[in-house]
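J.: work21.cif is reproduced below (mmCIF, C-alpha atoms; chains and numbers go by the auth columns).
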data_target
#
loop_
_atom_site.group_PDB
_atom_site.id
_atom_site.type_symbol
_atom_site.label_atom_id
_atom_site.label_comp_id
_atom_site.label_asym_id
_atom_site.label_seq_id
_atom_site.Cartn_x
_atom_site.Cartn_y
_atom_site.Cartn_z
_atom_site.B_iso_or_equiv
_atom_site.auth_seq_id
_atom_site.auth_asym_id
ATOM 1 C CA MET A 1 176.754 246.335 305.428 0.00 141 A
ATOM 2 C CA THR A 2 177.284 244.537 302.171 0.00 142 A
ATOM 3 C CA THR A 3 180.774 244.426 300.626 0.00 143 A
ATOM 4 C CA LYS A 4 182.284 242.941 297.464 0.00 144 A
ATOM 5 C CA SER A 5 183.799 240.065 299.403 0.00 145 A
ATOM 6 C CA LYS A 6 180.610 239.133 301.281 0.00 146 A
ATOM 7 C CA THR A 7 177.389 237.959 299.709 0.00 147 A
ATOM 8 C CA THR A 8 174.206 239.274 301.260 0.00 148 A
ATOM 9 C CA ASN A 9 171.134 237.140 300.581 0.00 149 A
ATOM 10 C CA ILE A 10 167.801 238.948 300.639 0.00 150 A
ATOM 11 C CA VAL A 11 164.282 237.610 300.199 0.00 151 A
ATOM 12 C CA LEU A 12 161.320 239.903 299.576 0.00 152 A
ATOM 13 C CA ALA A 13 157.893 238.336 300.041 0.00 153 A
ATOM 14 C CA GLY A 14 154.372 239.621 299.589 0.00 154 A
ATOM 15 C CA VAL A 15 151.385 239.423 297.329 0.00 155 A
ATOM 16 C CA GLY A 16 150.760 240.733 293.837 0.00 156 A
ATOM 17 C CA GLY A 17 150.257 244.480 293.735 0.00 157 A
ATOM 18 C CA GLN A 18 152.444 245.290 296.748 0.00 158 A
ATOM 19 C CA GLY A 19 155.414 246.461 294.706 0.00 159 A
ATOM 20 C CA ILE A 20 157.792 243.614 295.494 0.00 160 A
ATOM 21 C CA LEU A 21 159.599 244.050 292.182 0.00 161 A
ATOM 22 C CA PHE A 22 159.928 247.818 292.701 0.00 162 A
ATOM 23 C CA ALA A 23 161.354 247.188 296.183 0.00 163 A
ATOM 24 C CA THR A 24 163.839 244.741 294.628 0.00 164 A
ATOM 25 C CA LYS A 25 164.758 247.427 292.092 0.00 165 A
ATOM 26 C CA ILE A 26 165.490 249.880 294.928 0.00 166 A
ATOM 27 C CA LEU A 27 167.790 247.431 296.732 0.00 167 A
ATOM 28 C CA SER A 28 169.494 246.558 293.443 0.00 168 A
ATOM 29 C CA ALA A 29 170.054 250.251 292.665 0.00 169 A
ATOM 30 C CA ALA A 30 171.719 250.732 296.063 0.00 170 A
ATOM 31 C CA ALA A 31 174.028 247.779 295.370 0.00 171 A
ATOM 32 C CA LYS A 32 174.803 248.989 291.869 0.00 172 A
ATOM 33 C CA LYS A 33 175.686 252.475 293.152 0.00 173 A
ATOM 34 C CA ARG A 34 178.180 250.827 295.524 0.00 174 A
ATOM 35 C CA GLY A 35 179.637 248.846 292.618 0.00 175 A
ATOM 36 C CA LEU A 36 178.462 245.468 293.939 0.00 176 A
ATOM 37 C CA PRO A 37 177.474 242.577 291.686 0.00 177 A
ATOM 38 C CA ILE A 38 173.779 241.633 291.802 0.00 178 A
ATOM 39 C CA ILE A 39 171.925 238.499 290.816 0.00 179 A
ATOM 40 C CA GLY A 40 168.293 237.726 291.481 0.00 180 A
ATOM 41 C CA SER A 41 165.114 235.976 290.525 0.00 181 A
ATOM 42 C CA GLU A 42 161.406 236.373 291.139 0.00 182 A
ATOM 43 C CA THR A 43 158.729 233.769 291.568 0.00 183 A
ATOM 44 C CA HIS A 44 155.165 234.765 290.905 0.00 184 A
ATOM 45 C CA GLY A 45 152.095 232.880 291.989 0.00 185 A
ATOM 46 C CA MET A 46 148.838 234.422 290.936 0.00 186 A
ATOM 47 C CA ALA A 47 150.467 237.830 291.232 0.00 187 A
ATOM 48 C CA GLN A 48 147.775 239.634 289.292 0.00 188 A
ATOM 49 C CA ARG A 49 145.152 238.265 291.652 0.00 189 A
ATOM 50 C CA GLY A 50 146.893 238.924 294.935 0.00 190 A
ATOM 51 C CA GLY A 51 148.874 235.696 294.860 0.00 191 A
ATOM 52 C CA SER A 52 152.247 235.088 296.418 0.00 192 A
ATOM 53 C CA VAL A 53 155.298 236.911 295.010 0.00 193 A
ATOM 54 C CA VAL A 54 158.825 236.154 296.220 0.00 194 A
ATOM 55 C CA SER A 55 161.928 237.920 294.992 0.00 195 A
ATOM 56 C CA HIS A 56 165.411 236.528 295.626 0.00 196 A
ATOM 57 C CA LEU A 57 168.324 238.958 295.561 0.00 197 A
ATOM 58 C CA LYS A 58 171.993 238.183 296.084 0.00 198 A
ATOM 59 C CA ILE A 59 174.359 241.094 296.458 0.00 199 A
ATOM 60 C CA GLY A 60 178.088 240.466 296.285 0.00 200 A
ATOM 61 C CA GLY A 61 179.791 237.452 294.775 0.00 201 A
ATOM 62 C CA ALA A 62 177.148 234.835 293.936 0.00 202 A
ATOM 63 C CA ARG A 63 176.707 232.328 291.140 0.00 203 A
ATOM 64 C CA SER A 64 173.087 231.277 291.425 0.00 204 A
ATOM 65 C CA PRO A 65 170.074 233.574 291.760 0.00 205 A
ATOM 66 C CA LEU A 66 167.948 231.664 294.253 0.00 206 A
ATOM 67 C CA VAL A 67 168.403 232.070 297.992 0.00 207 A
ATOM 68 C CA ARG A 68 168.392 228.705 299.723 0.00 208 A
ATOM 69 C CA ARG A 69 166.288 228.052 302.778 0.00 209 A
ATOM 70 C CA GLY A 70 168.195 228.930 305.918 0.00 210 A
ATOM 71 C CA SER A 71 170.604 231.310 304.145 0.00 211 A
ATOM 72 C CA ALA A 72 168.863 234.712 303.877 0.00 212 A
ATOM 73 C CA ASP A 73 170.458 237.526 305.835 0.00 213 A
ATOM 74 C CA VAL A 74 167.363 239.709 305.472 0.00 214 A
ATOM 75 C CA LEU A 75 163.678 239.094 304.795 0.00 215 A
ATOM 76 C CA TYR A 76 161.386 241.938 303.769 0.00 216 A
ATOM 77 C CA ALA A 77 157.799 240.774 304.325 0.00 217 A
ATOM 78 C CA PHE A 78 155.305 243.150 302.755 0.00 218 A
ATOM 79 C CA ASP A 79 152.467 240.925 303.949 0.00 219 A
ATOM 80 C CA PRO A 80 152.456 239.222 307.374 0.00 220 A
ATOM 81 C CA ILE A 81 151.146 235.890 306.088 0.00 221 A
ATOM 82 C CA GLU A 82 153.769 235.818 303.337 0.00 222 A
ATOM 83 C CA GLY A 83 156.316 236.681 306.034 0.00 223 A
ATOM 84 C CA HIS A 84 155.402 233.470 307.840 0.00 224 A
ATOM 85 C CA ARG A 85 155.646 231.492 304.603 0.00 225 A
ATOM 86 C CA ALA A 86 159.045 232.959 303.718 0.00 226 A
ATOM 87 C CA PHE A 87 160.463 232.727 307.247 0.00 227 A
ATOM 88 C CA PRO A 88 162.277 229.414 306.527 0.00 228 A
ATOM 89 C CA PHE A 89 164.591 231.313 304.153 0.00 229 A
ATOM 90 C CA LEU A 90 166.150 233.226 307.082 0.00 230 A
ATOM 91 C CA LYS A 91 169.423 232.112 308.562 0.00 231 A
ATOM 92 C CA LYS A 92 170.344 232.151 312.218 0.00 232 A
ATOM 93 C CA GLY A 93 171.109 235.733 313.240 0.00 233 A
ATOM 94 C CA GLY A 94 169.201 237.230 310.304 0.00 234 A
ATOM 95 C CA ALA A 95 166.682 240.059 310.322 0.00 235 A
ATOM 96 C CA VAL A 96 163.079 240.335 309.187 0.00 236 A
ATOM 97 C CA PHE A 97 161.225 243.568 308.444 0.00 237 A
ATOM 98 C CA VAL A 98 157.476 243.005 308.429 0.00 238 A
ATOM 99 C CA ASN A 99 154.590 245.167 307.276 0.00 239 A
ATOM 100 C CA THR A 100 152.182 243.968 309.926 0.00 240 A
ATOM 101 C CA GLY A 101 149.020 245.667 308.780 0.00 241 A
ATOM 102 C CA THR A 102 146.450 244.700 311.370 0.00 242 A
ATOM 103 C CA THR A 103 147.882 241.210 311.861 0.00 243 A
ATOM 104 C CA PRO A 104 150.153 240.588 314.859 0.00 244 A
ATOM 105 C CA TRP A 105 153.547 239.190 313.886 0.00 245 A
ATOM 106 C CA PRO A 106 154.938 236.680 314.492 0.00 246 A
ATOM 107 C CA ASP A 107 152.312 234.069 315.012 0.00 247 A
ATOM 108 C CA PRO A 108 152.701 232.645 318.553 0.00 248 A
ATOM 109 C CA ALA A 109 153.686 229.271 317.077 0.00 249 A
ATOM 110 C CA LEU A 110 156.707 230.905 315.423 0.00 250 A
ATOM 111 C CA GLU A 111 157.924 232.973 318.397 0.00 251 A
ATOM 112 C CA LYS A 112 159.933 230.156 319.986 0.00 252 A
ATOM 113 C CA GLU A 113 161.664 229.316 316.706 0.00 253 A
ATOM 114 C CA ILE A 114 162.541 232.985 316.158 0.00 254 A
ATOM 115 C CA ALA A 115 164.019 233.263 319.650 0.00 255 A
ATOM 116 C CA GLY A 116 166.077 230.098 319.118 0.00 256 A
ATOM 117 C CA MET A 117 167.505 231.440 315.864 0.00 257 A
ATOM 118 C CA ASP A 118 168.392 234.871 317.269 0.00 258 A
ATOM 119 C CA ILE A 119 166.386 236.615 314.531 0.00 259 A
ATOM 120 C CA ASP A 120 165.940 240.389 314.746 0.00 260 A
ATOM 121 C CA VAL A 121 162.264 241.141 314.147 0.00 261 A
ATOM 122 C CA ALA A 122 161.211 244.679 313.251 0.00 262 A
ATOM 123 C CA THR A 123 157.519 245.233 312.597 0.00 263 A
ATOM 124 C CA PHE A 124 155.860 248.298 311.160 0.00 264 A
ATOM 125 C CA HIS A 125 152.347 249.123 309.975 0.00 265 A
ATOM 126 C CA ALA A 126 153.513 250.413 306.577 0.00 266 A
ATOM 127 C CA ASP A 127 149.988 250.108 305.165 0.00 267 A
ATOM 128 C CA ARG A 128 148.779 252.751 307.605 0.00 268 A
ATOM 129 C CA VAL A 129 151.500 255.189 306.551 0.00 269 A
ATOM 130 C CA ALA A 130 150.675 254.616 302.890 0.00 270 A
ATOM 131 C CA LEU A 131 146.937 255.068 303.465 0.00 271 A
ATOM 132 C CA GLU A 132 147.549 258.264 305.433 0.00 272 A
ATOM 133 C CA MET A 133 149.464 259.503 302.404 0.00 273 A
ATOM 134 C CA GLY A 134 146.496 258.614 300.199 0.00 274 A
ATOM 135 C CA ASN A 135 148.225 255.868 298.226 0.00 275 A
ATOM 136 C CA PRO A 136 148.279 252.258 299.504 0.00 276 A
ATOM 137 C CA ARG A 137 150.933 251.415 296.899 0.00 277 A
ATOM 138 C CA LEU A 138 153.545 253.323 298.920 0.00 278 A
ATOM 139 C CA ALA A 139 153.709 250.737 301.727 0.00 279 A
ATOM 140 C CA ASN A 140 156.686 249.013 300.077 0.00 280 A
ATOM 141 C CA VAL A 141 158.800 252.175 300.101 0.00 281 A
ATOM 142 C CA ALA A 142 157.673 253.021 303.642 0.00 282 A
ATOM 143 C CA LEU A 143 158.861 249.578 304.824 0.00 283 A
ATOM 144 C CA ILE A 144 162.229 250.065 303.129 0.00 284 A
ATOM 145 C CA GLY A 145 162.509 253.468 304.801 0.00 285 A
ATOM 146 C CA PHE A 146 161.648 251.868 308.138 0.00 286 A
ATOM 147 C CA SER A 147 164.310 249.184 307.656 0.00 287 A
ATOM 148 C CA SER A 148 166.975 251.676 306.596 0.00 288 A
ATOM 149 C CA ALA A 149 167.749 252.789 310.157 0.00 289 A
ATOM 150 C CA HIS A 150 168.151 249.223 311.455 0.00 290 A
ATOM 151 C CA PRO A 151 171.719 247.999 312.082 0.00 291 A
ATOM 152 C CA LYS A 152 171.087 244.885 309.949 0.00 292 A
ATOM 153 C CA SER A 153 169.901 246.860 306.931 0.00 293 A
ATOM 154 C CA PRO A 154 172.097 245.879 303.988 0.00 294 A
ATOM 155 C CA PHE A 155 172.438 249.577 303.079 0.00 295 A
ATOM 156 C CA SER A 156 172.506 252.894 304.899 0.00 296 A
ATOM 157 C CA SER A 157 169.536 255.243 304.950 0.00 297 A
ATOM 158 C CA ASP A 158 171.351 257.615 302.617 0.00 298 A
ATOM 159 C CA GLU A 159 172.123 254.853 300.109 0.00 299 A
ATOM 160 C CA LEU A 160 168.543 253.625 300.107 0.00 300 A
ATOM 161 C CA ARG A 161 167.168 257.150 299.852 0.00 301 A
ATOM 162 C CA GLU A 162 169.329 257.761 296.758 0.00 302 A
ATOM 163 C CA ALA A 163 168.197 254.417 295.334 0.00 303 A
ATOM 164 C CA VAL A 164 164.532 255.384 295.759 0.00 304 A
ATOM 165 C CA ILE A 165 165.178 258.629 293.883 0.00 305 A
ATOM 166 C CA ALA A 166 167.029 256.757 291.119 0.00 306 A
ATOM 167 C CA SER A 167 164.377 254.024 290.827 0.00 307 A
ATOM 168 C CA ALA A 168 161.100 255.938 290.999 0.00 308 A
ATOM 169 C CA PRO A 169 159.630 257.414 287.837 0.00 309 A
ATOM 170 C CA GLU A 170 160.069 261.187 287.974 0.00 310 A
ATOM 171 C CA LYS A 171 156.356 261.932 288.401 0.00 311 A
ATOM 172 C CA PHE A 172 156.218 259.632 291.463 0.00 312 A
ATOM 173 C CA ALA A 173 159.608 260.505 292.981 0.00 313 A
ATOM 174 C CA GLU A 174 158.323 263.056 295.494 0.00 314 A
ATOM 175 C CA MET A 175 155.618 260.824 296.963 0.00 315 A
ATOM 176 C CA ASN A 176 158.042 257.890 297.138 0.00 316 A
ATOM 177 C CA MET A 177 160.516 260.045 299.055 0.00 317 A
ATOM 178 C CA LYS A 178 157.772 261.120 301.481 0.00 318 A
ATOM 179 C CA ALA A 179 156.875 257.455 302.055 0.00 319 A
ATOM 180 C CA PHE A 180 160.536 256.553 302.602 0.00 320 A
ATOM 181 C CA ASP A 181 161.013 259.428 305.045 0.00 321 A
ATOM 182 C CA ALA A 182 157.813 258.567 306.935 0.00 322 A
ATOM 183 C CA GLY A 183 158.984 254.965 307.302 0.00 323 A
ATOM 184 C CA LYS A 184 162.419 256.040 308.470 0.00 324 A
ATOM 185 C CA ALA A 185 160.906 258.491 310.974 0.00 325 A
ATOM 186 C CA ALA A 186 158.766 255.677 312.416 0.00 326 A
ATOM 187 C CA SER A 187 161.880 253.628 313.161 0.00 327 A
ATOM 188 C CA GLY A 188 162.971 256.124 315.795 0.00 328 A
ATOM 189 C CA PRO A 189 166.096 258.262 316.102 0.00 329 A
#
Output the file's structure in the form of structure tokens.
T.:
Amino acid sequence: MTTKSKTTNIVLAGVGGQGILFATKILSAAAKKRGLPIIGSETHGMAQRGGSVVSHLKIGGARSPLVRRGSADVLYAFDPIEGHRAFPFLKKGGAVFVNTGTTPWPDPALEKEIAGMDIDVATFHADRVALEMGNPRLANVALIGFSSAHPKSPFSSDELREAVIASAPEKFAEMNMKAFDAGKAASGP
């Protein structure tokens, strides 16, 4: 859990159209509700054309917005390929939450490195949940819901649930909550 005295570094990676910035907004809202300072930055490739999007978020006492390679506590990968690209940001003992889609994760070439760094890997087919709900744009919230029950989640399920409610436009709040709850339910008890 994130506290005022500890900085939690988070990287969110995906492609344009996956709601990376909305996911960052949710995490920021959870931090703000707890009274924690937030600083962040986004980098956009060809975001409008499905290009790479990476969001850096530091919660707690931090002076610069970018997360250095090897210092992220948590990586949210909304696309498995972007998860491989952003993997170098993770620090030893960190956690990665990956929307696997139909792509196995991690790539066999990365498995040994992950094991050597003691990285917690949690994979989830968030795209499937979103498609079953009739809206592929809900995969980001489903992945956050999935991550919320993990011990290395920077926030509790209740905090993230409240942050989804606070962040979603009113007309989309109900479907976002359903996506969050479906993701959380998929993570187990």
J.: Which is closer to Ala322 of chain A than all the others in A:Ala202, A:Leu283, A:Ile166, A:Ala212, using all atoms listed in the file?
T.: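 Of A:Ala202, A:Leu283, A:Ile166, A:Ala212, the one nearest Ala322 of chain A is A:Leu283, counting all atoms listed in the file.
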J.: Evaluate the PyMOL selection byres ((chain A and resi 246-256) around 12) and record the selected residues as a ChimeraX atom specification, following the chain and residue labels used in the document.
T.: /A:217,219-225,227-228,230-240,243-245,257-263
J.: If we count all atoms listed in the file and set the cut-off at 12 Å, which residues sit around Met317 of chain A, ignoring sequence neighbours fewer than 3 positions away in its own chain? Please answer as JSON, numbers by chain.
T.: {"A": [270, 273, 278, 279, 280, 281, 282, 284, 285, 297, 298, 300, 301, 302, 303, 304, 305, 306, 307, 308, 309, 310, 311, 312, 313, 314, 320, 321, 322, 323, 324]}
J.: Identify which of the residues A:Leu206, A:Val194, A:Val214, A:Ala319 lies closest to Gly154 of chain A, counting only C-alpha atoms when measuring atom-to-atom distances.
T.: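 Closest residue, counting only C-alpha atoms: A:Val194.
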J.: Enter the distance from atom CA of Asn316 of chain A to atom CA of Val151 of chain A, in Å, rounded to one decimal.
T.: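 Computed distance, atom CA of Asn316 of chain A to atom CA of Val151 of chain A, equals 21.4 Å.
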J.: Quick one: pull the distance between atom CA of Ser287 of chain A and atom CA of Thr147 of chain A, Å, one decimal.
T.: 19.0 Å
J.: Any chance you could work out the residue set of the PyMOL selection byres ((chain A and resi 150) around 12) here, as a PyMOL selection string?
T.: chain A and resi 142+147-149+151-153+163-164+167-168+178-182+194-200+205-217+226-227+229-231+234-237+292-295
J.: With distances taken over all atoms listed in the file, which residue among A:Lys146, A:Val193, A:Asn275, A:Ala169 lies nearest Lys318 of chain A?
T.: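 Result for the nearest residue to Lys318 of chain A: A:Asn275.
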J.: What does the distance between atom CA of Ile160 of chain A and atom CA of Phe218 of chain A come to in Å, to one decimal place?
T.: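 Interatomic distance here is 7.7 Å.
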J.: Which residue gives the smallest distance to Pro177 of chain A among A:Gly201, A:Gly159, A:Gly191, A:Pro276, with all atoms listed in the file counted?
T.: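 When distances to Pro177 of chain A are compared using all atoms listed in the file, the smallest one comes from A:Gly201.
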J.: I need the residue nearest Thr242 of chain A from this list: A:His265, A:Arg174, A:Arg277, A:Arg203. Use all atoms listed in the file for the distance.
T.: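 So, comparing all the options, the nearest one is A:His265.
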J.: Starting from 3 Å padding per side, set up an axis-aligned box that covers all listed atoms of segment 193-196 of chain A and hand over centre and edge lengths in Å, one decimal, as lines of an AutoDock Vina configuration file.
T.:
center_x = 160.4
center_y = 237.0
center_z = 295.6
size_x = 16.1
size_y = 7.8
size_z = 7.2
J.: Take segment 299-324 of chain A, bring it up to N, CA and C atoms, and give me the output as an mmCIF file, in the coordinates of the input.
T.:
data_model
loop_
_atom_site.group_PDB
_atom_site.id
_atom_site.type_symbol
_atom_site.label_atom_id
_atom_site.label_comp_id
_atom_site.auth_asym_id
_atom_site.auth_seq_id
_atom_site.Cartn_x
_atom_site.Cartn_y
_atom_site.Cartn_z
ATOM 1 N N GLU A 299 172.032 255.656 301.338
ATOM 2 C CA GLU A 299 172.123 254.853 300.109
ATOM 3 C C GLU A 299 170.749 254.449 299.609
ATOM 4 N N LEU A 300 169.884 254.043 300.521
ATOM 5 C CA LEU A 300 168.543 253.625 300.107
ATOM 6 C C LEU A 300 167.713 254.818 299.633
ATOM 7 N N ARG A 301 167.889 255.938 300.275
ATOM 8 C CA ARG A 301 167.168 257.150 299.852
ATOM 9 C C ARG A 301 167.558 257.511 298.416
ATOM 10 N N GLU A 302 168.856 257.488 298.118
ATOM 11 C CA GLU A 302 169.329 257.761 296.758
ATOM 12 C C GLU A 302 168.776 256.729 295.772
ATOM 13 N N ALA A 303 168.698 255.483 296.204
ATOM 14 C CA ALA A 303 168.197 254.417 295.334
ATOM 15 C C ALA A 303 166.708 254.610 295.034
ATOM 16 N N VAL A 304 165.952 255.102 296.004
ATOM 17 C CA VAL A 304 164.532 255.384 295.759
ATOM 18 C C VAL A 304 164.419 256.477 294.702
ATOM 19 N N ILE A 305 165.205 257.526 294.851
ATOM 20 C CA ILE A 305 165.178 258.629 293.883
ATOM 21 C C ILE A 305 165.544 258.122 292.483
ATOM 22 N N ALA A 306 166.570 257.274 292.408
ATOM 23 C CA ALA A 306 167.029 256.757 291.119
ATOM 24 C C ALA A 306 166.032 255.778 290.496
ATOM 25 N N SER A 307 165.254 255.087 291.321
ATOM 26 C CA SER A 307 164.377 254.024 290.827
ATOM 27 C C SER A 307 162.965 254.481 290.496
ATOM 28 N N ALA A 308 162.486 255.501 291.182
ATOM 29 C CA ALA A 308 161.100 255.938 290.999
ATOM 30 C C ALA A 308 160.963 256.756 289.717
ATOM 31 N N PRO A 309 159.896 256.527 288.979
ATOM 32 C CA PRO A 309 159.630 257.414 287.837
ATOM 33 C C PRO A 309 159.524 258.857 288.344
ATOM 34 N N GLU A 310 159.988 259.787 287.542
ATOM 35 C CA GLU A 310 160.069 261.187 287.974
ATOM 36 C C GLU A 310 158.755 261.720 288.548
ATOM 37 N N LYS A 311 157.628 261.385 287.926
ATOM 38 C CA LYS A 311 156.356 261.932 288.401
ATOM 39 C C LYS A 311 155.926 261.348 289.753
ATOM 40 N N PHE A 312 156.552 260.239 290.173
ATOM 41 C CA PHE A 312 156.218 259.632 291.463
ATOM 42 C C PHE A 312 157.342 259.774 292.493
ATOM 43 N N ALA A 313 158.434 260.417 292.113
ATOM 44 C CA ALA A 313 159.608 260.505 292.981
ATOM 45 C C ALA A 313 159.289 261.190 294.303
ATOM 46 N N GLU A 314 158.581 262.297 294.270
ATOM 47 C CA GLU A 314 158.323 263.056 295.494
ATOM 48 C C GLU A 314 157.492 262.247 296.492
ATOM 49 N N MET A 315 156.439 261.594 296.017
ATOM 50 C CA MET A 315 155.618 260.824 296.963
ATOM 51 C C MET A 315 156.368 259.594 297.483
ATOM 52 N N ASN A 316 157.232 259.015 296.663
ATOM 53 C CA ASN A 316 158.042 257.890 297.138
ATOM 54 C C ASN A 316 159.015 258.348 298.215
ATOM 55 N N MET A 317 159.594 259.519 298.042
ATOM 56 C CA MET A 317 160.516 260.045 299.055
ATOM 57 C C MET A 317 159.779 260.344 300.360
ATOM 58 N N LYS A 318 158.565 260.860 300.268
ATOM 59 C CA LYS A 318 157.772 261.120 301.481
ATOM 60 C C LYS A 318 157.469 259.814 302.209
ATOM 61 N N ALA A 319 157.156 258.766 301.454
ATOM 62 C CA ALA A 319 156.875 257.455 302.055
ATOM 63 C C ALA A 319 158.133 256.907 302.715
ATOM 64 N N PHE A 320 159.272 257.009 302.039
ATOM 65 C CA PHE A 320 160.536 256.553 302.602
ATOM 66 C C PHE A 320 160.831 257.295 303.891
ATOM 67 N N ASP A 321 160.719 258.609 303.864
ATOM 68 C CA ASP A 321 161.013 259.428 305.045
ATOM 69 C C ASP A 321 160.052 259.140 306.190
ATOM 70 N N ALA A 322 158.787 258.901 305.887
ATOM 71 C CA ALA A 322 157.813 258.567 306.935
ATOM 72 C C ALA A 322 158.160 257.223 307.572
ATOM 73 N N GLY A 323 158.567 256.259 306.764
ATOM 74 C CA GLY A 323 158.984 254.965 307.302
ATOM 75 C C GLY A 323 160.220 255.089 308.164
ATOM 76 N N LYS A 324 161.200 255.845 307.695
ATOM 77 C CA LYS A 324 162.419 256.040 308.470
ATOM 78 C C LYS A 324 162.123 256.735 309.797
#
